[in-house]
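> mmCIF, C-alpha atoms, saved as start-v3.cif, coming up:
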```cif
data_input
loop_
_atom_site.label_atom_id
_atom_site.label_comp_id
_atom_site.auth_asym_id
_atom_site.auth_seq_id
_atom_site.Cartn_x
_atom_site.Cartn_y
_atom_site.Cartn_z
CA MET A 1 150.15 116.25 189.03
CA ASN A 2 149.54 117.90 192.41
CA THR A 3 147.70 117.10 195.62
CA PRO A 4 144.43 119.11 195.66
CA LYS A 5 144.28 122.22 197.81
CA PHE A 6 142.10 121.43 200.82
CA GLU A 7 140.08 123.88 202.90
CA GLU A 8 137.61 123.34 205.74
CA ILE A 9 134.78 125.85 206.25
CA LYS A 10 132.23 125.86 209.07
CA LEU A 11 128.75 126.90 207.94
CA THR A 12 126.42 128.93 210.09
CA THR A 13 123.17 128.63 208.11
CA PHE A 14 121.60 126.92 205.10
CA SER A 15 121.43 130.31 203.36
CA GLU A 16 125.19 130.70 203.71
CA PHE A 17 125.74 127.37 201.94
CA ILE A 18 123.42 128.39 199.10
CA ALA A 19 125.24 131.71 198.73
CA ILE A 20 128.59 129.94 198.50
CA VAL A 21 127.58 127.48 195.79
CA THR A 22 125.57 129.98 193.73
CA GLU A 23 127.58 133.20 194.15
CA LYS A 24 131.03 132.66 195.67
CA ARG A 25 131.90 129.37 193.93
CA PRO A 26 129.33 128.88 191.15
CA CYS A 27 131.68 127.06 188.72
CA ALA A 28 130.00 124.07 187.03
CA HIS A 29 133.16 121.99 187.48
CA PHE A 30 132.24 121.37 191.13
CA VAL A 31 130.80 118.06 192.28
CA TYR A 32 129.44 117.45 195.78
CA ARG A 33 129.33 114.66 198.33
CA GLY A 34 127.36 114.63 201.59
CA CYS A 35 128.53 112.79 204.71
CA SER A 36 126.55 112.49 207.94
CA ASP A 37 129.76 112.44 210.00
CA THR A 38 132.60 114.94 209.66
CA CYS A 39 135.09 112.20 210.50
CA HIS A 40 134.45 110.47 207.18
CA GLU A 41 137.31 110.57 204.69
CA LEU A 42 137.01 110.73 200.91
CA LYS A 43 137.76 107.03 200.75
CA PRO A 44 135.56 104.53 198.83
CA SER A 45 133.92 101.62 200.60
CA LEU A 46 136.30 99.09 199.06
CA GLY A 47 139.34 100.88 200.48
CA ARG A 48 137.80 100.91 203.96
CA LEU A 49 137.66 97.11 204.10
CA LYS A 50 140.45 95.76 206.31
CA ARG A 51 140.59 92.58 204.25
CA TYR A 52 141.34 94.68 201.16
CA SER A 53 143.82 97.13 202.68
CA ASP A 54 145.81 94.32 204.33
CA SER A 55 146.13 92.28 201.11
CA ASN A 56 148.77 92.37 198.37
CA VAL A 57 147.91 93.73 194.93
CA ASN A 58 146.99 90.37 193.40
CA ASP A 59 144.69 89.49 196.30
CA GLN A 60 143.14 92.99 196.20
CA ASN A 61 142.26 92.61 192.52
CA SER A 62 140.81 89.16 193.17
CA LEU A 63 138.69 90.40 196.08
CA GLU A 64 137.42 93.40 194.11
CA ARG A 65 136.33 91.21 191.22
CA GLN A 66 134.72 88.72 193.59
CA LEU A 67 132.69 91.41 195.37
CA ILE A 68 131.33 92.83 192.12
CA SER A 69 130.66 89.47 190.46
CA SER A 70 128.80 88.32 193.58
CA SER A 71 126.42 91.25 193.23
CA PHE A 72 123.22 90.67 191.29
CA SER A 73 124.22 93.66 189.15
CA ALA A 74 126.71 91.53 187.23
CA SER A 75 123.80 90.14 185.20
CA ILE A 76 122.79 93.55 183.84
CA PRO A 77 123.66 93.83 180.12
CA SER A 78 126.31 96.32 179.09
CA LYS A 79 126.01 99.35 176.86
CA PRO A 80 128.45 99.75 173.96
CA GLU A 81 130.30 102.74 175.45
CA TYR A 82 130.86 101.06 178.84
CA ASN A 83 132.71 97.85 179.56
CA ASP A 84 131.06 95.10 181.60
CA ASP A 85 133.30 95.60 184.64
CA PHE A 86 132.50 99.28 184.96
CA LEU A 87 128.76 98.89 184.37
CA SER A 88 128.57 96.16 186.99
CA ALA A 89 130.58 98.25 189.47
CA VAL A 90 128.24 101.25 189.01
CA THR A 91 125.10 99.23 189.72
CA ALA A 92 126.73 97.34 192.58
CA GLN A 93 127.75 100.68 194.14
CA HIS A 94 124.20 102.01 194.04
CA HIS A 95 122.93 98.92 195.81
CA GLY A 96 125.43 98.87 198.65
CA ALA A 97 128.28 96.63 197.45
CA PRO A 98 131.82 97.82 198.28
CA THR A 99 133.58 99.20 195.19
CA ARG A 100 136.41 101.59 194.36
CA LEU A 101 133.88 104.18 193.13
CA LEU A 102 133.19 107.22 195.29
CA ASP A 103 129.69 108.72 194.95
CA TRP A 104 129.26 112.40 194.11
CA SER A 105 126.47 114.55 192.69
CA ARG A 106 126.49 117.55 190.41
CA SER A 107 123.84 119.04 192.71
CA PRO A 108 124.85 120.68 196.01
CA LEU A 109 121.29 120.16 197.25
CA VAL A 110 121.48 116.40 196.70
CA ALA A 111 124.73 116.30 198.66
CA ALA A 112 123.16 118.39 201.42
CA TYR A 113 120.31 115.88 201.66
CA PHE A 114 122.67 112.95 202.14
CA ALA A 115 124.67 114.90 204.72
CA THR A 116 121.55 115.65 206.78
CA ILE A 117 119.32 112.73 205.79
CA PRO A 118 116.31 112.55 208.16
CA LYS A 119 116.15 109.50 210.43
CA LEU A 120 113.21 108.25 212.46
CA ASN A 121 113.02 106.50 215.81
CA ASP A 122 110.84 103.43 216.38
CA ILE A 123 107.72 105.53 217.04
CA GLY A 124 108.05 107.59 213.85
CA GLN A 125 109.59 110.78 215.20
CA LEU A 126 112.54 112.55 213.65
CA LEU A 127 115.77 112.00 215.54
CA GLU A 128 117.98 114.89 216.52
CA SER A 129 121.52 114.63 215.20
CA GLY A 130 124.22 114.07 217.79
CA LYS A 131 127.13 115.00 215.52
CA ASP A 132 128.17 117.51 212.89
CA ALA A 133 127.78 116.65 209.21
CA ALA A 134 129.83 117.63 206.16
CA ILE A 135 129.46 118.43 202.47
CA PHE A 136 132.55 117.97 200.31
CA ALA A 137 132.92 120.02 197.13
CA ALA A 138 135.59 118.98 194.63
CA HIS A 139 136.65 121.18 191.73
CA ILE A 140 137.56 118.84 188.88
CA CYS A 141 138.73 120.64 185.75
CA PRO A 142 138.82 119.94 182.88
CA ASP A 143 135.82 117.64 183.02
CA VAL A 144 136.68 114.32 181.35
CA SER A 145 133.50 112.56 182.39
CA ALA A 146 132.56 112.06 178.73
CA LYS A 147 135.31 109.45 178.57
CA PRO A 148 134.26 106.36 180.55
CA PRO A 149 137.03 103.91 181.42
CA LYS A 150 137.64 101.41 178.64
CA SER A 151 139.92 99.14 180.63
CA SER A 152 138.84 96.35 182.94
CA LEU A 153 139.32 96.45 186.69
CA PRO A 154 140.80 98.40 188.41
CA PHE A 155 140.14 101.17 185.81
CA SER A 156 143.37 103.00 186.67
CA GLN A 157 144.47 106.00 184.61
CA GLN A 158 147.79 106.70 186.29
CA ASP A 159 148.55 109.67 184.05
CA LEU A 160 145.51 111.50 185.46
CA GLY A 161 145.47 110.42 189.10
CA THR A 162 141.93 110.87 190.46
CA TYR A 163 139.42 111.52 187.69
CA LEU A 164 135.66 111.91 187.21
CA VAL A 165 133.28 109.59 185.37
CA SER A 166 129.58 109.99 184.60
CA PRO A 167 127.84 106.61 184.95
CA PRO A 168 125.22 105.13 182.63
CA SER A 169 121.66 105.35 183.95
CA THR A 170 121.46 101.74 185.10
CA THR A 171 118.85 102.66 187.72
CA PRO A 172 116.47 105.64 188.12
CA ARG A 173 118.52 106.72 191.15
CA VAL A 174 121.57 107.45 188.99
CA ALA A 175 119.64 109.97 186.91
CA THR A 176 117.59 111.66 189.65
CA GLN A 177 120.58 112.07 191.98
CA LEU A 178 122.72 113.56 189.16
CA SER A 179 125.30 110.95 190.05
CA VAL A 180 128.95 111.01 189.08
CA PHE A 181 131.87 109.00 190.43
CA THR A 182 135.51 109.63 191.15
CA LEU A 183 138.14 106.96 190.58
CA SER A 184 141.45 107.21 192.45
CA PRO A 185 144.57 105.08 191.91
CA ASP A 186 144.62 103.92 195.54
CA PRO A 187 141.21 103.27 197.16
CA THR A 188 142.82 102.83 200.57
CA LYS A 189 143.82 106.51 200.71
CA SER A 190 141.58 109.54 201.02
CA MET A 191 141.07 111.38 197.74
CA ASP A 192 142.44 114.65 199.13
CA ALA A 193 145.75 112.88 199.88
CA GLN A 194 146.30 111.65 196.30
CA GLU A 195 147.81 113.57 193.40
CA SER A 196 145.66 114.43 190.41
CA ALA A 197 146.00 116.24 187.12
CA LEU A 198 142.31 117.17 187.30
CA VAL A 199 141.25 117.73 190.93
CA THR A 200 142.44 121.22 191.85
CA ASN A 201 140.53 122.06 195.06
CA ILE A 202 138.50 120.26 197.70
CA TYR A 203 136.34 122.16 200.19
CA LYS A 204 134.82 120.57 203.28
CA TYR A 205 131.76 122.46 204.50
CA ILE A 206 130.97 121.57 208.12
CA ILE A 207 127.29 121.61 209.13
CA PRO A 208 127.01 122.01 212.93
CA LYS A 209 124.59 119.54 214.53
CA THR A 210 122.41 122.49 215.60
CA GLN A 211 121.86 123.29 211.92
CA ILE A 212 120.90 119.76 210.81
CA ALA A 213 117.17 120.29 211.43
CA PRO A 214 117.04 123.65 209.57
CA PHE A 215 118.85 122.03 206.63
CA GLN A 216 116.33 119.16 206.62
CA GLN A 217 113.37 121.55 206.70
CA ASN A 218 114.73 123.82 203.95
CA LEU A 219 115.57 120.89 201.67
CA PHE A 220 112.10 119.44 202.19
CA ARG A 221 110.54 122.80 201.33
CA LEU A 222 112.64 122.89 198.12
CA GLY A 223 111.47 119.41 197.12
CA VAL A 224 114.71 117.57 197.85
CA THR A 225 113.34 114.50 199.62
CA LYS A 226 113.84 110.75 199.70
CA ARG A 227 110.80 110.47 197.45
CA SER A 228 112.41 112.68 194.79
CA LEU A 229 115.87 111.06 195.00
CA PHE A 230 114.72 107.43 195.23
CA PRO A 231 111.90 107.31 192.65
CA ASP A 232 110.76 103.76 193.28
CA ALA A 233 108.18 102.10 195.50
CA GLU A 234 110.65 101.63 198.36
CA GLY A 235 111.69 105.29 198.26
CA VAL A 236 108.11 106.56 198.22
CA ASN A 237 106.85 104.24 200.95
CA THR A 238 109.72 104.87 203.35
CA SER A 239 109.51 108.65 202.89
CA ILE A 240 105.87 109.08 203.93
CA VAL A 241 106.40 109.41 207.69
CA GLN A 242 109.54 111.56 207.20
CA GLU A 243 107.56 114.00 205.08
CA LEU A 244 104.69 114.18 207.57
CA GLU A 245 107.12 115.03 210.37
CA LEU A 246 108.99 117.66 208.34
CA ALA A 247 105.74 119.22 207.13
CA GLU A 248 104.53 119.54 210.72
CA GLN A 249 107.78 121.25 211.74
CA LEU A 250 107.38 123.75 208.91
CA CYS A 251 103.76 124.41 209.82
CA ASN A 252 104.90 125.22 213.35
CA ARG A 253 107.14 127.89 211.81
CA CYS A 254 104.31 129.31 209.70
CA LYS A 255 104.41 133.10 209.48
CA LEU A 256 102.14 135.23 207.34
CA ASP A 257 102.16 138.99 206.87
#
```
Turn this file's structure into structure tokens for me.

Amino acid sequence: MNTPKFEEIKLTTFSEFIAIVTEKRPCAHFVYRGCSDTCHELKPSLGRLKRYSDSNVNDQNSLERQLISSSFSASIPSKPEYNDDFLSAVTAQHHGAPTRLLDWSRSPLVAAYFATIPKLNDIGQLLESGKDAAIFAAHICPDVSAKPPKSSLPFSQQDLGTYLVSPPSTTPRVATQLSVFTLSPDPTKSMDAQESALVTNIYKYIIPKTQIAPFQQNLFRLGVTKRSLFPDAEGVNTSIVQELELAEQLCNRCKLD
């Protein structure tokens, strides 16, 4: 196993990003993760908890199980190909509970949305971003996502290091966001600092704060919105004002021959 090769690339435009993922690096083994702050590491929410990182192994396992079992998701019935622990962790992750799963998408556009997700102030206007954002792209080959973890927590496969798993569609969000997860042996360390037999390269595409608005507008024009990625009543209702603001910005740019 080897530590993945890591490279940081600063983007200049949305078009440049599209050219990279469709022409320069079009391989289908890539998965993508969007972060609204370039300081974020590839570390799952569980590993960021001080209580977890400061504990011994036995206490870490106990805390992890407690966090998942406390989530309402633990009551969701399992599917034959997935064990109860993993199914519960997947649903808990999608509803904000800290787990050792790290969210990715097979779509670069979905990742770009989460990197530049539109935010509104208290009078319904889009906020300007005060910091750069980032999109991570991980090349994970061969793809073993057809083999969900059979073991109970903590799902370790030490012979592989970090590996990729496709989750069951426990919620509509999993399917529409083309969700996949990575699992690393040590959730307290960033994924790019851990050895893997499968993760060969990790690219970090920096989106300058001056390009956040153009990214938001282009994604909206391509139909990548909160409404499309969160296909439930909450997603639709909370996206209405965002879409009105983005549509107005695009209309201000209207140019016809």
> Which residues, named as in the file, does the PyMOL selection byres ((chain A and resi 100) around 8) pick out? Answer as a ChimeraX atom specification.
/A:44-47,98-99,101-102,183-184,187
> For the point (152.8, 115.7, 187.3) in the file's frame, write as a PDB file with C-alpha atoms, keeping the file's coordinate frame all residues with an atom no more than 9 Å away, counting all atoms listed in the file.

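part14.pdb written:
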```pdb
ATOM      1  CA  MET A   1     150.150 116.250 189.030  1.00  0.00           C
ATOM      2  CA  ASN A   2     149.540 117.900 192.410  1.00  0.00           C
ATOM      3  CA  ASP A 159     148.550 109.670 184.050  1.00  0.00           C
ATOM      4  CA  LEU A 160     145.510 111.500 185.460  1.00  0.00           C
ATOM      5  CA  GLU A 195     147.810 113.570 193.400  1.00  0.00           C
ATOM      6  CA  SER A 196     145.660 114.430 190.410  1.00  0.00           C
ATOM      7  CA  ALA A 197     146.000 116.240 187.120  1.00  0.00           C
TER       8      ALA A 197
END
```
> Restricting the calculation to all atoms listed in the file, which member of A:Pro231, A:Pro154, A:Pro208, A:Pro118 is positioned closest to Pro172 (chain A)?
A:Pro231
> Can you translate the PyMOL selection byres ((chain A and resi 218) around 12) into the concrete residues it hits in this file, as a count of residues only?
28
> Within 12 Å of Ser105 (chain A), counting all atoms listed in the file, which residues qualify if same-chain residues fewer than 3 places away don't, as a count of residues only?
34
> Spell out the residues picked by the PyMOL selection byres ((chain A and resi 35) around 6) here, as a PyMOL selection string.
chain A and resi 34+36-37+115+133-134
> Work out how far apart CA of Val57 (chain A) and CA of Glu41 (chain A) are and give it in Å to one decimal.
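If I compute the distance from CA of Val57 (chain A) to CA of Glu41 (chain A), I get 22.2 Å.
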> When you look at Arg65 (chain A) with a cut-off of 10 Å (counting only C-alpha atoms), what residues show up, excluding the ones that are within fewer than 3 positions of it in the same chain? I need them as JSON, numbers by chain.
{"A": [59, 60, 61, 62, 68, 69, 70, 85, 89, 99, 153, 154]}
> Can you work out the spacing between CA of Val241 (chain A) and CA of Gln125 (chain A) in Å, to one decimal?
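Distance reported for this atom pair: 8.3 Å.
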> Here is a test: counting only C-alpha atoms, which residue of A:Ser107, A:Thr38, A:Asn56, A:Thr200 is nearest to Tyr163 (chain A)?
A:Thr200
> Just checking: using all atoms listed in the file, which residue out of A:Ser53, A:Phe6, A:Asn237, A:Tyr203 ends up closest to Lys189 (chain A)?
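Closest to Lys189 (chain A) of all the choices is A:Ser53.
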> Using all atoms listed in the file, which of the listed residues (A:Ile207, A:Leu198, A:Leu67, A:Val90) sits closest to Ser129 (chain A)?
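Of the candidates, the smallest distance to Ser129 (chain A) is held by A:Ile207.
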> So what do you get for CA of Arg48 (chain A) versus CA of Thr188 (chain A), distance-wise?
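Straight-line distance from CA of Arg48 (chain A) to CA of Thr188 (chain A) works out to 6.4 Å.
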> With all atoms listed in the file as the basis for distance, which of A:Lys204, A:Lys10, A:Arg51, A:Lys209 is at the shortest distance from Leu127 (chain A)?
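Ranked by minimum distance to Leu127 (chain A), first place goes to A:Lys209.
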> Given all atoms listed in the file as the basis, pick out the residue of A:Lys43, A:Arg106, A:His94, A:Leu87 nearest to Pro185 (chain A).
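Comparing A:Lys43, A:Arg106, A:His94, A:Leu87 against Pro185 (chain A), the winner is A:Lys43.
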> Provide region 157-168 of chain A rebuilt to all heavy atoms, formatted as a PDB file, in the frame of the given file.

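Wrote it out as out-v2.pdb, contents follow:
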```pdb
ATOM      1  N   GLN A 157     143.887 105.108 185.613  1.00  0.00           N
ATOM      2  CA  GLN A 157     144.470 106.000 184.610  1.00  0.00           C
ATOM      3  C   GLN A 157     145.558 106.781 185.336  1.00  0.00           C
ATOM      4  O   GLN A 157     145.350 107.895 185.808  1.00  0.00           O
ATOM      5  CB  GLN A 157     143.412 106.932 184.015  1.00  0.00           C
ATOM      6  CG  GLN A 157     142.377 106.192 183.160  1.00  0.00           C
ATOM      7  CD  GLN A 157     141.525 107.149 182.341  1.00  0.00           C
ATOM      8  OE1 GLN A 157     141.866 108.298 182.150  1.00  0.00           O
ATOM      9  NE2 GLN A 157     140.397 106.653 181.856  1.00  0.00           N
ATOM     10  N   GLN A 158     146.728 106.148 185.451  1.00  0.00           N
ATOM     11  CA  GLN A 158     147.790 106.700 186.290  1.00  0.00           C
ATOM     12  C   GLN A 158     148.270 108.069 185.828  1.00  0.00           C
ATOM     13  O   GLN A 158     148.779 108.852 186.621  1.00  0.00           O
ATOM     14  CB  GLN A 158     148.977 105.715 186.320  1.00  0.00           C
ATOM     15  CG  GLN A 158     148.642 104.360 186.911  1.00  0.00           C
ATOM     16  CD  GLN A 158     148.293 104.418 188.382  1.00  0.00           C
ATOM     17  OE1 GLN A 158     148.610 105.389 189.054  1.00  0.00           O
ATOM     18  NE2 GLN A 158     147.622 103.403 188.901  1.00  0.00           N
ATOM     19  N   ASP A 159     148.096 108.370 184.543  1.00  0.00           N
ATOM     20  CA  ASP A 159     148.550 109.670 184.050  1.00  0.00           C
ATOM     21  C   ASP A 159     147.645 110.803 184.508  1.00  0.00           C
ATOM     22  O   ASP A 159     148.018 111.975 184.429  1.00  0.00           O
ATOM     23  CB  ASP A 159     148.647 109.653 182.522  1.00  0.00           C
ATOM     24  CG  ASP A 159     147.321 109.288 181.862  1.00  0.00           C
ATOM     25  OD1 ASP A 159     146.562 108.493 182.453  1.00  0.00           O
ATOM     26  OD2 ASP A 159     147.063 109.780 180.758  1.00  0.00           O
ATOM     27  N   LEU A 160     146.447 110.481 184.999  1.00  0.00           N
ATOM     28  CA  LEU A 160     145.510 111.500 185.460  1.00  0.00           C
ATOM     29  C   LEU A 160     145.415 111.562 186.984  1.00  0.00           C
ATOM     30  O   LEU A 160     145.026 112.581 187.538  1.00  0.00           O
ATOM     31  CB  LEU A 160     144.108 111.232 184.902  1.00  0.00           C
ATOM     32  CG  LEU A 160     143.924 111.319 183.387  1.00  0.00           C
ATOM     33  CD1 LEU A 160     142.495 110.936 183.010  1.00  0.00           C
ATOM     34  CD2 LEU A 160     144.261 112.712 182.883  1.00  0.00           C
ATOM     35  N   GLY A 161     145.751 110.482 187.673  1.00  0.00           N
ATOM     36  CA  GLY A 161     145.470 110.420 189.100  1.00  0.00           C
ATOM     37  C   GLY A 161     143.976 110.248 189.293  1.00  0.00           C
ATOM     38  O   GLY A 161     143.326 109.511 188.548  1.00  0.00           O
ATOM     39  N   THR A 162     143.381 110.949 190.253  1.00  0.00           N
ATOM     40  CA  THR A 162     141.930 110.870 190.460  1.00  0.00           C
ATOM     41  C   THR A 162     141.209 111.569 189.317  1.00  0.00           C
ATOM     42  O   THR A 162     141.557 112.676 188.916  1.00  0.00           O
ATOM     43  CB  THR A 162     141.541 111.551 191.781  1.00  0.00           C
ATOM     44  OG1 THR A 162     142.220 110.897 192.861  1.00  0.00           O
ATOM     45  CG2 THR A 162     140.039 111.460 192.024  1.00  0.00           C
ATOM     46  N   TYR A 163     140.178 110.912 188.775  1.00  0.00           N
ATOM     47  CA  TYR A 163     139.420 111.520 187.690  1.00  0.00           C
ATOM     48  C   TYR A 163     137.931 111.246 187.865  1.00  0.00           C
ATOM     49  O   TYR A 163     137.518 110.477 188.738  1.00  0.00           O
ATOM     50  CB  TYR A 163     139.905 111.032 186.322  1.00  0.00           C
ATOM     51  CG  TYR A 163     139.740 109.552 186.053  1.00  0.00           C
ATOM     52  CD1 TYR A 163     138.727 109.078 185.226  1.00  0.00           C
ATOM     53  CD2 TYR A 163     140.618 108.621 186.601  1.00  0.00           C
ATOM     54  CE1 TYR A 163     138.585 107.737 184.967  1.00  0.00           C
ATOM     55  CE2 TYR A 163     140.487 107.275 186.349  1.00  0.00           C
ATOM     56  CZ  TYR A 163     139.461 106.828 185.530  1.00  0.00           C
ATOM     57  OH  TYR A 163     139.327 105.485 185.282  1.00  0.00           O
ATOM     58  N   LEU A 164     137.117 111.915 187.070  1.00  0.00           N
ATOM     59  CA  LEU A 164     135.660 111.910 187.210  1.00  0.00           C
ATOM     60  C   LEU A 164     135.025 111.138 186.061  1.00  0.00           C
ATOM     61  O   LEU A 164     135.458 111.255 184.910  1.00  0.00           O
ATOM     62  CB  LEU A 164     135.146 113.352 187.202  1.00  0.00           C
ATOM     63  CG  LEU A 164     133.658 113.591 187.444  1.00  0.00           C
ATOM     64  CD1 LEU A 164     133.304 113.343 188.904  1.00  0.00           C
ATOM     65  CD2 LEU A 164     133.291 115.033 187.084  1.00  0.00           C
ATOM     66  N   VAL A 165     133.995 110.358 186.387  1.00  0.00           N
ATOM     67  CA  VAL A 165     133.280 109.590 185.370  1.00  0.00           C
ATOM     68  C   VAL A 165     131.782 109.717 185.591  1.00  0.00           C
ATOM     69  O   VAL A 165     131.306 109.570 186.716  1.00  0.00           O
ATOM     70  CB  VAL A 165     133.667 108.098 185.405  1.00  0.00           C
ATOM     71  CG1 VAL A 165     132.961 107.343 184.288  1.00  0.00           C
ATOM     72  CG2 VAL A 165     135.168 107.917 185.279  1.00  0.00           C
ATOM     73  N   SER A 166     131.040 110.003 184.532  1.00  0.00           N
ATOM     74  CA  SER A 166     129.580 109.990 184.600  1.00  0.00           C
ATOM     75  C   SER A 166     129.099 108.580 184.291  1.00  0.00           C
ATOM     76  O   SER A 166     129.461 108.015 183.259  1.00  0.00           O
ATOM     77  CB  SER A 166     128.983 110.973 183.582  1.00  0.00           C
ATOM     78  OG  SER A 166     129.228 112.298 183.968  1.00  0.00           O
ATOM     79  N   PRO A 167     128.281 107.994 185.164  1.00  0.00           N
ATOM     80  CA  PRO A 167     127.840 106.610 184.950  1.00  0.00           C
ATOM     81  C   PRO A 167     126.666 106.521 183.991  1.00  0.00           C
ATOM     82  O   PRO A 167     125.949 107.499 183.788  1.00  0.00           O
ATOM     83  CB  PRO A 167     127.417 106.178 186.357  1.00  0.00           C
ATOM     84  CG  PRO A 167     126.888 107.440 186.961  1.00  0.00           C
ATOM     85  CD  PRO A 167     127.773 108.543 186.427  1.00  0.00           C
ATOM     86  N   PRO A 168     126.448 105.352 183.402  1.00  0.00           N
ATOM     87  CA  PRO A 168     125.220 105.130 182.630  1.00  0.00           C
ATOM     88  C   PRO A 168     124.036 105.056 183.578  1.00  0.00           C
ATOM     89  O   PRO A 168     124.191 104.742 184.763  1.00  0.00           O
ATOM     90  CB  PRO A 168     125.479 103.782 181.943  1.00  0.00           C
ATOM     91  CG  PRO A 168     126.411 103.081 182.883  1.00  0.00           C
ATOM     92  CD  PRO A 168     127.287 104.155 183.470  1.00  0.00           C
TER      93      PRO A 168
END
```
